[in-house]
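Enquirer: Pasting entry.txt here (compact mmCIF, C-alpha atoms):
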```txt
# COMPACT_ATOMS: atom_id res chain seq x y z
CA MET A 1 97.68 137.79 179.75
CA ALA A 2 95.72 134.71 178.62
CA ASP A 3 96.78 132.92 175.43
CA THR A 4 93.29 133.43 173.95
CA GLN A 5 93.69 137.21 174.11
CA LEU A 6 97.17 137.03 172.55
CA GLN A 7 95.86 134.80 169.76
CA GLU A 8 92.92 137.10 169.02
CA GLU A 9 95.18 140.17 168.99
CA ALA A 10 97.61 138.36 166.66
CA SER A 11 94.75 137.38 164.33
CA ILE A 12 93.44 140.94 163.97
CA THR A 13 97.04 142.14 163.47
CA ALA A 14 97.49 139.66 160.62
CA PHE A 15 94.19 140.78 159.05
CA TYR A 16 95.29 144.41 159.25
CA TYR A 17 98.71 143.78 157.70
CA ALA A 18 97.31 141.66 154.87
CA ILE A 19 94.46 144.00 153.92
CA GLU A 20 95.87 147.43 154.78
CA LYS A 21 99.52 146.83 153.87
CA GLY A 22 99.35 144.01 151.32
CA ALA A 23 101.54 141.68 153.40
CA THR A 24 102.65 138.36 151.93
CA ILE A 25 100.66 135.49 153.36
CA THR A 26 101.59 132.52 151.15
CA TYR A 27 104.64 131.34 149.24
CA LYS A 28 104.07 129.05 146.24
CA GLY A 29 100.70 128.19 147.68
CA GLN A 30 102.10 127.22 151.08
CA PRO A 31 102.28 129.18 154.34
CA ALA A 32 105.60 130.98 154.61
CA THR A 33 106.47 129.41 157.97
CA GLY A 34 110.18 129.58 158.72
CA LEU A 35 111.14 130.58 155.19
CA SER A 36 113.50 133.45 154.43
CA VAL A 37 110.88 134.91 152.09
CA ARG A 38 108.34 135.36 154.83
CA ASP A 39 106.92 138.86 155.25
CA GLU A 40 109.24 140.10 157.98
CA SER A 41 107.16 143.15 158.92
CA LEU A 42 104.10 140.95 159.55
CA TYR A 43 106.15 138.37 161.44
CA GLN A 44 107.71 140.98 163.72
CA ALA A 45 104.29 142.53 164.37
CA LEU A 46 102.96 139.12 165.42
CA ILE A 47 105.96 138.56 167.70
CA GLU A 48 105.30 141.97 169.27
CA VAL A 49 101.76 140.93 170.09
CA TYR A 50 102.51 137.29 170.93
CA PRO A 51 106.17 137.04 172.08
CA THR A 52 105.96 133.28 172.76
CA MET A 53 104.16 132.52 169.47
CA PRO A 54 104.77 128.87 168.48
CA ASP A 55 105.43 128.10 164.80
CA ARG A 56 102.10 126.28 164.53
CA TRP A 57 100.24 129.41 165.63
CA TYR A 58 102.18 131.56 163.17
CA GLU A 59 101.00 129.20 160.48
CA THR A 60 97.46 129.35 161.88
CA PHE A 61 97.38 133.17 161.68
CA LEU A 62 98.52 133.04 158.05
CA LYS A 63 95.91 130.42 157.17
CA GLN A 64 93.13 132.35 158.94
CA THR A 65 94.08 135.49 157.03
CA LYS A 66 94.17 133.68 153.69
CA VAL A 67 90.63 132.29 154.02
CA LEU A 68 89.33 135.68 155.22
CA MET A 69 90.88 137.46 152.22
CA ASP A 70 89.41 134.87 149.85
CA TRP A 71 85.95 135.33 151.43
CA MET A 72 86.22 139.11 151.16
CA GLY A 73 87.52 139.01 147.61
CA HIS A 74 90.78 140.72 148.57
CA LYS A 75 93.76 139.76 146.39
CA GLU A 76 96.93 138.95 148.27
CA GLY A 77 99.64 141.60 147.91
CA THR A 78 97.17 144.43 147.20
CA THR A 79 96.19 147.14 149.66
CA ASP A 80 92.78 148.32 150.82
CA THR A 81 92.91 151.21 153.27
CA SER A 82 89.15 151.57 153.64
CA TYR A 83 88.72 149.49 156.83
CA LYS A 84 89.10 149.96 160.56
CA TYR A 85 89.79 147.07 162.92
CA GLY A 86 88.46 146.15 166.36
CA ARG A 87 88.47 143.49 169.04
CA PHE A 88 86.14 143.11 172.00
CA GLY A 89 88.15 144.25 175.00
CA SER A 90 91.32 145.73 173.53
CA VAL A 91 93.18 146.23 170.27
CA PRO A 92 96.97 145.70 170.07
CA SER A 93 99.35 148.63 169.49
CA THR A 94 100.42 146.99 166.20
CA ILE A 95 97.36 148.64 164.66
CA PRO A 96 97.57 152.48 164.54
CA SER A 97 94.94 154.28 166.60
CA ASN A 98 93.48 155.93 163.50
CA LYS A 99 92.78 152.43 162.15
CA VAL A 100 90.98 151.20 165.28
CA THR A 101 87.22 151.16 165.80
CA ASP A 102 85.04 150.22 168.75
CA PHE A 103 81.99 149.71 166.53
CA GLY A 104 81.38 146.07 167.57
CA ASP A 105 81.62 146.98 171.26
CA TRP A 106 79.38 149.99 170.65
CA ILE A 107 76.65 147.78 169.17
CA PHE A 108 76.48 145.56 172.23
CA ASN A 109 76.78 148.46 174.65
CA LYS A 110 73.58 149.88 173.12
CA PHE A 111 71.63 146.86 174.37
CA THR A 112 69.03 147.66 177.03
CA LYS A 113 68.68 145.55 180.15
CA GLU A 114 65.56 143.98 178.59
CA GLN A 115 67.55 142.98 175.51
CA LYS A 116 70.40 141.55 177.56
CA ALA A 117 67.93 139.55 179.63
CA LEU A 118 66.97 137.63 176.49
CA PHE A 119 70.44 136.06 176.53
CA GLY A 120 70.92 135.32 180.22
CA SER A 121 73.03 137.13 182.77
CA GLY A 122 76.67 137.66 183.69
CA SER A 123 79.76 137.99 181.53
CA GLY A 124 78.56 135.58 178.82
CA VAL A 125 75.62 137.65 177.59
CA LYS A 126 77.51 139.16 174.64
CA ASP A 127 78.66 135.76 173.37
CA SER A 128 75.17 134.36 173.82
CA TRP A 129 73.98 136.98 171.36
CA ASP A 130 77.01 136.92 169.05
CA PRO A 131 80.35 135.13 169.65
CA MET A 132 82.42 137.36 167.33
CA ASP A 133 85.87 138.00 168.82
CA VAL A 134 87.21 140.60 166.35
CA TYR A 135 85.67 142.71 163.61
CA ILE A 136 86.38 145.03 160.70
CA ALA A 137 84.26 147.91 159.41
CA LYS A 138 84.34 150.41 156.54
CA LYS A 139 85.73 153.51 158.21
CA SER A 140 83.79 155.98 156.04
CA GLU A 141 80.47 154.35 156.96
CA ILE A 142 80.78 153.76 160.71
CA SER A 143 79.02 156.99 161.70
CA THR A 144 76.18 156.11 159.30
CA PHE A 145 75.95 152.59 160.76
CA LYS A 146 75.68 154.00 164.28
CA LYS A 147 72.99 156.47 163.23
CA GLU A 148 70.91 153.78 161.51
CA ILE A 149 71.23 151.34 164.42
CA SER A 150 70.18 154.06 166.86
CA GLU A 151 67.06 154.63 164.77
CA LEU A 152 66.12 150.94 165.14
CA TYR A 153 65.45 151.56 168.83
CA SER A 154 62.10 153.21 169.47
CA ASP A 155 59.19 152.99 171.93
CA ARG A 156 56.31 150.79 170.84
CA ILE A 157 53.08 151.47 172.72
CA GLY A 158 50.93 148.56 173.80
CA GLU A 159 53.59 145.82 173.53
CA LYS A 160 55.35 143.88 176.27
CA GLU A 161 58.93 144.85 177.04
CA ALA A 162 60.23 141.39 176.11
CA ASP A 163 58.41 141.59 172.77
CA VAL A 164 59.86 145.03 172.06
CA ALA A 165 63.37 143.86 172.96
CA ALA A 166 63.08 140.79 170.72
CA MET A 167 61.75 142.80 167.76
CA GLU A 168 64.59 145.29 168.06
CA ILE A 169 67.19 142.50 168.23
CA LYS A 170 65.72 140.92 165.09
CA SER A 171 65.87 144.27 163.28
CA LEU A 172 69.45 144.78 164.41
CA ASN A 173 70.46 141.28 163.32
CA SER A 174 68.90 141.75 159.88
CA TYR A 175 70.77 145.02 159.42
CA LEU A 176 74.09 143.50 160.52
CA ALA A 177 73.53 140.49 158.22
CA TYR A 178 73.15 142.94 155.33
CA LEU A 179 76.46 144.59 156.29
CA HIS A 180 78.16 141.20 156.34
CA ASN A 181 76.86 140.43 152.87
CA THR A 182 78.20 143.74 151.56
CA ARG A 183 81.48 143.25 153.52
CA GLU A 184 81.01 146.65 155.17
CA PHE A 185 81.04 145.22 158.68
CA VAL A 186 82.27 141.72 159.46
CA GLY A 187 82.18 140.08 162.89
CA ILE A 188 84.60 137.17 163.16
CA SER A 189 84.57 134.24 165.60
CA LEU A 190 88.01 132.62 165.85
CA LYS A 191 88.34 128.91 166.63
CA GLU A 192 91.42 126.72 166.65
CA THR A 193 91.56 124.41 163.62
CA ASP A 194 91.89 120.75 164.58
CA LYS A 195 92.94 119.21 161.29
CA GLY A 196 93.61 120.43 157.75
CA GLU A 197 92.93 123.90 156.42
CA PRO A 198 90.61 126.34 158.19
CA LYS A 199 87.39 127.34 156.51
CA ILE A 200 84.80 130.08 156.89
CA THR A 201 81.29 129.29 158.04
CA GLU A 202 78.73 132.05 157.51
CA THR A 203 76.29 132.06 160.42
CA ASN A 204 72.92 133.86 160.54
CA ILE A 205 73.90 135.89 157.47
CA SER A 206 71.52 134.22 155.04
CA LYS A 207 68.76 131.66 155.48
CA GLY A 208 71.23 128.76 155.43
CA PHE A 209 70.29 126.02 157.88
CA GLY A 210 66.92 127.61 158.52
CA GLU A 211 65.70 126.22 155.19
CA ILE A 212 67.08 122.71 155.78
CA GLN A 213 65.41 120.33 158.19
CA PRO A 214 67.83 118.34 160.37
CA SER A 215 67.26 114.58 160.17
CA GLY A 216 68.51 111.25 161.41
CA GLY A 217 69.40 112.47 164.89
CA GLU A 218 70.43 109.75 167.34
CA ILE A 219 72.29 109.30 170.60
CA THR A 220 75.53 107.38 169.98
CA LYS A 221 76.81 107.28 173.58
CA ASP A 222 74.55 106.96 176.65
CA LEU A 223 73.24 109.94 178.59
CA PHE A 224 75.10 109.58 181.87
CA THR A 225 75.42 111.39 185.18
CA TYR A 226 76.76 110.32 188.55
CA MET A 227 74.18 110.39 191.34
CA ASP A 228 76.81 109.06 193.80
CA ILE A 229 77.20 111.28 196.88
CA ASP A 230 80.61 111.15 198.54
CA GLY A 231 81.41 112.58 201.95
CA SER A 232 84.53 110.50 202.54
CA LYS A 233 87.71 111.75 204.18
CA GLY A 234 89.19 112.22 200.72
CA LYS A 235 86.75 115.10 200.29
CA ASN A 236 87.46 116.61 203.69
CA GLY A 237 84.23 115.24 205.04
CA LYS A 238 82.17 117.60 202.86
CA LEU A 239 79.34 116.21 200.80
CA ASP A 240 79.58 116.40 197.03
CA PHE A 241 78.69 114.29 194.03
CA LYS A 242 81.29 112.03 192.43
CA GLY A 243 80.87 113.97 189.19
CA ASN A 244 78.71 116.95 188.36
CA SER A 245 78.21 116.64 184.60
CA LEU A 246 75.53 115.13 182.40
CA THR A 247 77.09 113.86 179.16
CA TYR A 248 76.20 112.09 175.94
CA GLN A 249 77.36 111.86 172.33
CA ALA A 250 75.11 112.26 169.32
CA GLU A 251 74.95 112.76 165.60
CA PHE A 252 72.48 114.16 163.06
CA ASN A 253 72.33 115.14 159.40
CA ILE A 254 71.93 118.69 158.15
CA GLY A 255 71.52 118.55 154.38
CA ASN A 256 74.30 116.21 153.23
CA VAL A 257 76.54 116.99 156.22
CA LEU A 258 76.84 114.60 159.18
CA LYS A 259 77.35 116.43 162.46
CA LYS A 260 78.83 114.56 165.43
CA TYR A 261 79.17 116.14 168.85
CA LYS A 262 79.78 115.52 172.54
CA TYR A 263 77.42 117.20 175.01
CA GLU A 264 78.14 118.24 178.58
CA SER A 265 75.91 120.05 181.07
CA LYS A 266 77.64 121.07 184.29
CA ILE A 267 77.05 123.34 187.27
CA SER A 268 77.00 127.01 186.39
CA SER A 269 75.05 128.39 189.32
CA ARG A 270 72.31 127.35 191.73
CA GLU A 271 69.73 128.20 189.04
CA ASN A 272 71.43 127.17 185.79
CA HIS A 273 73.70 124.73 184.01
CA ALA A 274 76.51 125.54 181.60
CA THR A 275 75.48 123.49 178.57
CA GLU A 276 78.32 123.00 176.09
CA PRO A 277 78.19 120.75 173.02
CA ARG A 278 81.57 120.26 171.32
CA ASP A 279 82.15 118.95 167.78
CA LEU A 280 83.62 115.48 167.39
CA VAL A 281 86.36 115.58 164.76
CA GLN A 282 88.47 112.87 163.20
CA GLY A 283 91.89 112.68 164.86
CA SER A 284 95.16 111.40 163.42
CA SER A 285 94.23 107.83 164.42
CA GLY A 286 90.99 108.06 162.46
CA LYS A 287 88.86 107.98 165.60
CA PHE A 288 86.45 110.80 166.42
CA VAL A 289 87.59 112.92 169.37
CA PRO A 290 86.27 116.16 170.95
CA ALA A 291 87.41 119.27 169.07
CA LYS A 292 89.95 121.57 170.74
CA ALA A 293 87.55 124.50 170.49
CA ARG A 294 84.08 124.21 172.00
CA ASN A 295 81.05 125.44 170.08
CA GLY A 296 79.98 127.68 172.95
CA ALA A 297 77.34 127.42 175.64
CA VAL A 298 73.58 127.32 175.12
CA PRO A 299 72.27 130.64 176.54
CA ALA A 300 70.48 130.03 179.84
CA PRO A 301 67.09 131.47 178.71
CA LYS A 302 67.30 129.39 175.53
CA MET A 303 68.08 126.23 177.50
CA ALA A 304 65.17 126.92 179.85
CA ALA A 305 62.83 127.26 176.87
CA ILE A 306 64.12 124.03 175.29
CA ILE A 307 63.64 122.04 178.50
CA LYS A 308 60.13 123.47 178.97
CA ASP A 309 59.23 122.53 175.39
CA TYR A 310 60.57 118.98 175.50
CA SER A 311 59.92 117.95 179.12
CA GLY A 312 56.64 119.81 179.55
CA GLU A 313 57.90 121.41 182.78
CA LYS A 314 59.79 124.53 183.76
CA MET A 315 63.48 123.84 184.25
CA ASN A 316 63.50 124.56 188.00
CA LYS A 317 60.02 123.31 188.87
CA ASN A 318 59.91 122.04 192.48
CA ILE A 319 63.55 122.99 193.08
CA PRO A 320 63.60 125.50 195.97
CA MET A 321 66.48 127.94 195.52
CA ASN A 322 66.76 129.50 198.97
CA SER A 323 64.89 127.16 201.28
CA ASN A 324 64.47 123.55 202.37
CA PHE A 325 62.43 121.10 200.30
CA THR A 326 58.85 120.77 201.46
CA GLU A 327 57.35 117.33 201.97
CA GLU A 328 55.39 117.75 198.75
CA GLN A 329 58.54 118.66 196.83
CA LYS A 330 60.38 115.67 198.27
CA LYS A 331 57.53 113.34 197.27
CA TYR A 332 57.61 114.87 193.80
CA TRP A 333 61.34 114.09 193.31
CA VAL A 334 61.06 110.62 194.82
CA LYS A 335 58.38 109.83 192.24
CA PHE A 336 60.34 111.63 189.50
CA ILE A 337 63.55 109.61 189.87
CA ASN A 338 61.59 106.38 190.25
CA GLU A 339 59.81 106.97 186.94
CA ILE A 340 62.93 107.65 184.88
CA LYS A 341 63.49 104.69 182.58
CA VAL A 342 67.02 103.30 182.90
CA GLY A 343 68.49 100.81 180.45
CA ASP A 344 65.71 100.97 177.86
CA PRO A 345 65.81 101.93 175.06
CA LYS A 346 69.43 101.50 173.95
CA PRO A 347 71.49 103.63 173.87
CA ASP A 348 70.52 104.49 177.41
CA LEU A 349 68.68 107.80 177.78
CA GLY A 350 68.80 107.74 181.58
CA LYS A 351 71.97 106.07 182.81
CA PHE A 352 73.25 106.90 186.29
CA SER A 353 74.79 105.17 189.31
CA ILE A 354 73.57 105.56 192.90
CA HIS A 355 75.75 105.36 196.01
CA LEU A 356 75.94 107.49 199.14
CA GLN A 357 78.86 107.64 201.53
CA LYS A 358 79.26 109.80 204.63
CA PRO A 359 82.24 109.82 206.97
CA ASP A 360 82.25 106.66 209.10
CA LYS A 361 78.87 105.59 207.77
CA TRP A 362 77.74 103.93 204.54
CA PHE A 363 74.43 104.08 202.79
CA ASP A 364 74.67 101.70 199.86
CA ASN A 365 72.57 99.48 197.63
CA LEU A 366 69.85 102.13 197.78
CA THR A 367 66.83 102.12 195.54
CA PRO A 368 66.23 105.38 193.63
CA LYS A 369 63.41 106.18 196.07
CA GLU A 370 65.59 105.60 199.13
CA PHE A 371 68.42 107.59 197.60
CA MET A 372 66.26 110.62 196.83
CA ASN A 373 64.74 110.67 200.29
CA LYS A 374 68.18 110.61 201.87
CA ALA A 375 69.67 113.17 199.42
CA ILE A 376 66.94 115.70 200.25
CA GLU A 377 67.17 115.02 203.99
CA LEU A 378 70.87 115.85 203.80
CA ASP A 379 70.11 119.07 201.91
CA ASN A 380 67.67 120.17 204.59
CA GLU A 381 70.51 120.09 207.13
CA TYR A 382 72.12 123.09 205.38
CA LYS A 383 71.05 126.52 206.60
CA THR A 384 72.34 128.22 203.46
CA LYS A 385 71.75 126.83 200.02
CA ASN A 386 74.92 128.44 198.63
CA ASP A 387 77.09 125.62 200.01
CA LYS A 388 78.60 123.11 197.61
CA TYR A 389 76.24 120.24 198.27
CA PRO A 390 72.92 122.14 197.98
CA VAL A 391 74.11 123.77 194.74
CA ALA A 392 75.21 120.39 193.38
CA LEU A 393 71.95 118.67 194.39
CA ARG A 394 69.91 121.30 192.57
CA SER A 395 72.08 120.76 189.52
CA LYS A 396 71.47 117.01 189.72
CA LEU A 397 67.70 117.50 189.89
CA ARG A 398 67.88 119.64 186.73
CA SER A 399 69.93 116.86 185.13
CA LEU A 400 67.11 114.42 185.88
CA ARG A 401 64.70 116.80 184.20
CA TYR A 402 67.03 116.99 181.18
CA ILE A 403 66.97 113.19 181.05
CA LYS A 404 63.17 113.31 181.16
CA ALA A 405 63.22 115.79 178.25
CA PHE A 406 65.21 113.28 176.15
CA GLN A 407 63.00 110.36 177.12
CA LYS A 408 59.82 112.30 176.40
CA ALA A 409 61.29 113.53 173.09
CA LYS A 410 61.96 109.89 172.17
CA GLY A 411 58.38 108.96 173.00
CA ASP A 412 57.03 111.95 171.04
CA ASP A 413 59.24 111.10 168.02
CA ARG A 414 61.13 114.40 168.51
CA LEU A 415 64.49 113.12 169.72
CA GLY A 416 66.25 114.01 166.46
CA ASP A 417 64.92 117.57 166.68
CA LEU A 418 66.14 117.97 170.28
CA ILE A 419 69.61 116.67 169.38
CA ALA A 420 69.90 119.19 166.53
CA ILE A 421 68.40 122.14 168.42
CA LEU A 422 70.87 121.83 171.30
CA TYR A 423 73.77 121.79 168.84
CA PHE A 424 72.52 124.81 166.90
CA ALA A 425 71.73 126.76 170.07
CA SER A 426 75.31 126.31 171.33
CA SER A 427 76.72 127.36 167.95
CA LYS A 428 74.43 130.44 167.96
CA ILE A 429 72.85 129.28 164.68
CA ASN A 430 69.28 130.48 164.22
CA ILE A 431 66.90 127.83 162.93
CA SER A 432 63.56 129.49 163.65
CA ASP A 433 62.01 132.95 163.72
CA LYS A 434 62.19 132.88 167.52
CA ASP A 435 65.99 132.62 167.59
CA LEU A 436 67.87 135.88 168.20
CA SER A 437 71.58 135.20 167.70
CA GLY A 438 73.49 137.76 165.66
CA PRO A 439 75.36 137.27 162.36
CA PHE A 440 79.05 136.40 162.19
CA ILE A 441 81.55 134.36 160.27
CA LYS A 442 83.47 131.59 162.01
CA ILE A 443 87.03 130.80 160.99
CA GLN A 444 87.95 127.27 162.05
```
Before anything else, please render the file you have as structure tokens.

Expert:
Amino acid sequence: MADTQLQEEASITAFYYAIEKGATITYKGQPATGLSVRDESLYQALIEVYPTMPDRWYETFLKQTKVLMDWMGHKEGTTDTSYKYGRFGSVPSTIPSNKVTDFGDWIFNKFTKEQKALFGSGSGVKDSWDPMDVYIAKKSEISTFKKEISELYSDRIGEKEADVAAMEIKSLNSYLAYLHNTREFVGISLKETDKGEPKITETNISKGFGEIQPSGGEITKDLFTYMDIDGSKGKNGKLDFKGNSLTYQAEFNIGNVLKKYKYESKISSRENHATEPRDLVQGSSGKFVPAKARNGAVPAPKMAAIIKDYSGEKMNKNIPMNSNFTEEQKKYWVKFINEIKVGDPKPDLGKFSIHLQKPDKWFDNLTPKEFMNKAIELDNEYKTKNDKYPVALRSKLRSLRYIKAFQKAKGDDRLGDLIAILYFASSKINISDKDLSGPFIKIQ
């Protein structure tokens, strides 16, 4: 069983014991780690769920529970038996079956295929809509909640399916935001705390960031991707790129808060990237380092829309998915890479290195035009485009288009907006009426 599952099951166990049973969470204002006065019933329940629980995680579970109780207005040591508890996937046996609900799972399982398509495909669709890991709900109201949510879904004549799906998601999100405000249903995203005490961030529950315009966005570390192709013996003679990510670091202001993050786009599939910004936090040395917990990935449909908006082109334009490149497509990409500005302005919004090595033969000191011609010629040697190199090449061409989006945003005086939008999209924070992420609280 993965540690993440054990940690989530331990967290919901701690929430249950603190709220339902009035378990002791603090001692003289400090977590009761290792002290004889610790709540032994809670500790043993956590050990049952997480047998190898380190002391630091025991302390984390107590701290998470304390901030949740404060947010809910629940006084430590008192009992409230009005809730049921759930986790996406499974709920530990430490919580009695009559105190378990599948309400959060039920909500997502009601999504139609049209609604799910708004958030991409595959196993990450749920998190693209709402990254809550565990949840609690008022047990006496769950049947009412299900009835009212079911009534949100209805046929609308004369509207496109995508429009219907989006309208229904917005209605659902508004209803769930209301339930969060009344503390009747609370979806909780759990993230490891890097430094200091955890805190709760309300997301998509009230207007919040939607009323504040991000400002001052800038790239603080160059956009960079390797264009080097390596087919040396060290790679078993198979072509691949030296590295498959596009990275940069950036910062922007939201209100009086300075956000710093590291961005990485890497291969997800032949058609898409996994795009994952991660907060930069101050480490023990005082330097800013990537946070232990990532924000999440930008949903594929959202990323496609962002790239279309900022580059002026569809994300996969002139990238054939199942066939060879035509001569026209090759000419397009030769011109494309040749027009990308490298080294200006600073920091670099288009930095990459170009080398190509095949077994027993070198192609080096290539111009961008020569490189692109050769890269596409090599791709056309593959009968299937599911092999490693064709998939990687298509990813690299998307990376070039991402670079173009940043360069065009700079020229259009929209670079700060793009930097902020990518961060918010990965964190599932809605900043416009078009955004469809659901409400949740994040404990980190």

Enquirer: Near region 93-108 of chain A, within 7 Å and counting all atoms listed in the file, which residues show up once chain neighbours fewer than 4 positions away are dropped, as a list in words?

Expert: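 Those residues are Thr13, Ala45, Lys84, Tyr85, Gly86, Phe88, Lys126 and Tyr135 of chain A.
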
Enquirer: Report, in Å to a single decimal, how far apart CA of Ser206 (chain A) and CA of Leu176 (chain A) are.

Expert: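 Between these atoms lies a distance of 11.1 Å.
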
Enquirer: Please write as a list in words the list of polymer residues whose atoms come within 12 Å of (70.1, 149.3, 176.3), counting only C-alpha atoms and keeping to the coordinates of the file.

Expert: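 Here the neighbourhood of the point contains Trp106, Ile107, Phe108, Asn109, Lys110, Phe111, Thr112, Lys113, Glu114, Gln115, Lys116, Ala117, Ser150, Leu152, Tyr153, Ser154, Val164, Ala165, Glu168 and Ile169 of chain A.
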
Enquirer: Mind pulling up the distance from CA of Gly73 (chain A) to CA of Glu9 (chain A)?

Expert: 22.7 Å

Enquirer: Using only C-alpha atoms, can you tell me which of A:Pro299, A:Glu327, A:Arg398, A:Trp333 comes closest to Trp129 (chain A)?

Expert: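 Result for the nearest residue to Trp129 (chain A): A:Pro299.
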
Enquirer: Please write as a list in words the list of polymer residues whose atoms come within 10 Å of (80.3, 127.0, 158.7), counting all atoms listed in the file and keeping to the coordinates of the file.

Expert: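 Answer for this query, in the requested form: Lys199, Ile200, Thr201, Glu202, Thr203, Gly208, Ser427, Ile429, Ile441, Lys442, Ile443 and Gln444 of chain A.
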
Enquirer: So, counting all atoms listed in the file, which residue among A:Arg414, A:Lys341, A:Lys330, A:Lys404 is closest to Ala375 (chain A)?

Expert: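 Between A:Arg414, A:Lys341, A:Lys330, A:Lys404, the residue approaching Ala375 (chain A) most closely is A:Lys330.
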
Enquirer: In terms of the shortest atom-to-atom distance over all atoms listed in the file, which of A:Arg394, A:Ala177, A:Glu197, A:Glu192 is closest to Ile267 (chain A)?

Expert: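 Of the candidates, the smallest distance to Ile267 (chain A) is held by A:Arg394.
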
Enquirer: Could you work out how far CA of Gly296 (chain A) lies from CA of Ala18 (chain A), giving the answer in Å with one decimal?

Expert: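 CA of Gly296 (chain A) lies 28.7 Å from CA of Ala18 (chain A).
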
Enquirer: Measuring atom to atom with all atoms listed in the file, identify which of A:Asp130, A:Glu381, A:Glu48, A:Glu251 is nearest to Asn204 (chain A).

Expert: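 Looking at the shortest contact to Asn204 (chain A), the residue is A:Asp130.
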
Enquirer: When you count all atoms listed in the file, which of these residues is closest to Phe224 (chain A): A:Phe440, A:Phe119, A:Tyr310, A:Tyr402?

Expert: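 Of A:Phe440, A:Phe119, A:Tyr310, A:Tyr402, the one nearest Phe224 (chain A) is A:Tyr402, counting all atoms listed in the file.
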
Enquirer: Assuming the input is short of atoms at region 247-262 of chain A, produce N, CA and C atoms for that part as a CSV table (one decimal), keeping the file's coordinate frame.

Expert:
```csv
chain,number,residue,atom,x,y,z
A,247,THR,N,76.4,113.9,180.5
A,247,THR,CA,77.1,113.9,179.2
A,247,THR,C,76.4,112.9,178.2
A,248,TYR,N,76.6,113.1,177.0
A,248,TYR,CA,76.2,112.1,175.9
A,248,TYR,C,76.9,112.4,174.7
A,249,GLN,N,76.9,111.6,173.7
A,249,GLN,CA,77.4,111.9,172.3
A,249,GLN,C,76.2,111.6,171.4
A,250,ALA,N,76.2,112.4,170.3
A,250,ALA,CA,75.1,112.3,169.3
A,250,ALA,C,75.6,112.6,167.9
A,251,GLU,N,74.7,112.3,167.0
A,251,GLU,CA,75.0,112.8,165.6
A,251,GLU,C,73.6,113.0,164.9
A,252,PHE,N,73.7,113.9,163.9
A,252,PHE,CA,72.5,114.2,163.1
A,252,PHE,C,72.9,114.7,161.7
A,253,ASN,N,72.0,114.6,160.7
A,253,ASN,CA,72.3,115.1,159.4
A,253,ASN,C,71.7,116.5,159.2
A,254,ILE,N,72.5,117.4,158.6
A,254,ILE,CA,71.9,118.7,158.2
A,254,ILE,C,72.3,118.8,156.7
A,255,GLY,N,71.2,118.7,155.8
A,255,GLY,CA,71.5,118.6,154.4
A,255,GLY,C,72.3,117.3,154.1
A,256,ASN,N,73.5,117.4,153.5
A,256,ASN,CA,74.3,116.2,153.2
A,256,ASN,C,75.5,116.2,154.2
A,257,VAL,N,75.4,116.9,155.3
A,257,VAL,CA,76.5,117.0,156.2
A,257,VAL,C,76.2,116.2,157.5
A,258,LEU,N,77.1,115.3,157.9
A,258,LEU,CA,76.8,114.6,159.2
A,258,LEU,C,77.6,115.3,160.3
A,259,LYS,N,76.8,115.8,161.3
A,259,LYS,CA,77.4,116.4,162.5
A,259,LYS,C,77.4,115.4,163.6
A,260,LYS,N,78.6,115.4,164.2
A,260,LYS,CA,78.8,114.6,165.4
A,260,LYS,C,79.3,115.5,166.5
A,261,TYR,N,78.7,115.3,167.8
A,261,TYR,CA,79.2,116.1,168.8
A,261,TYR,C,79.1,115.4,170.2
A,262,LYS,N,79.8,116.0,171.2
A,262,LYS,CA,79.8,115.5,172.5
A,262,LYS,C,79.1,116.6,173.3
```
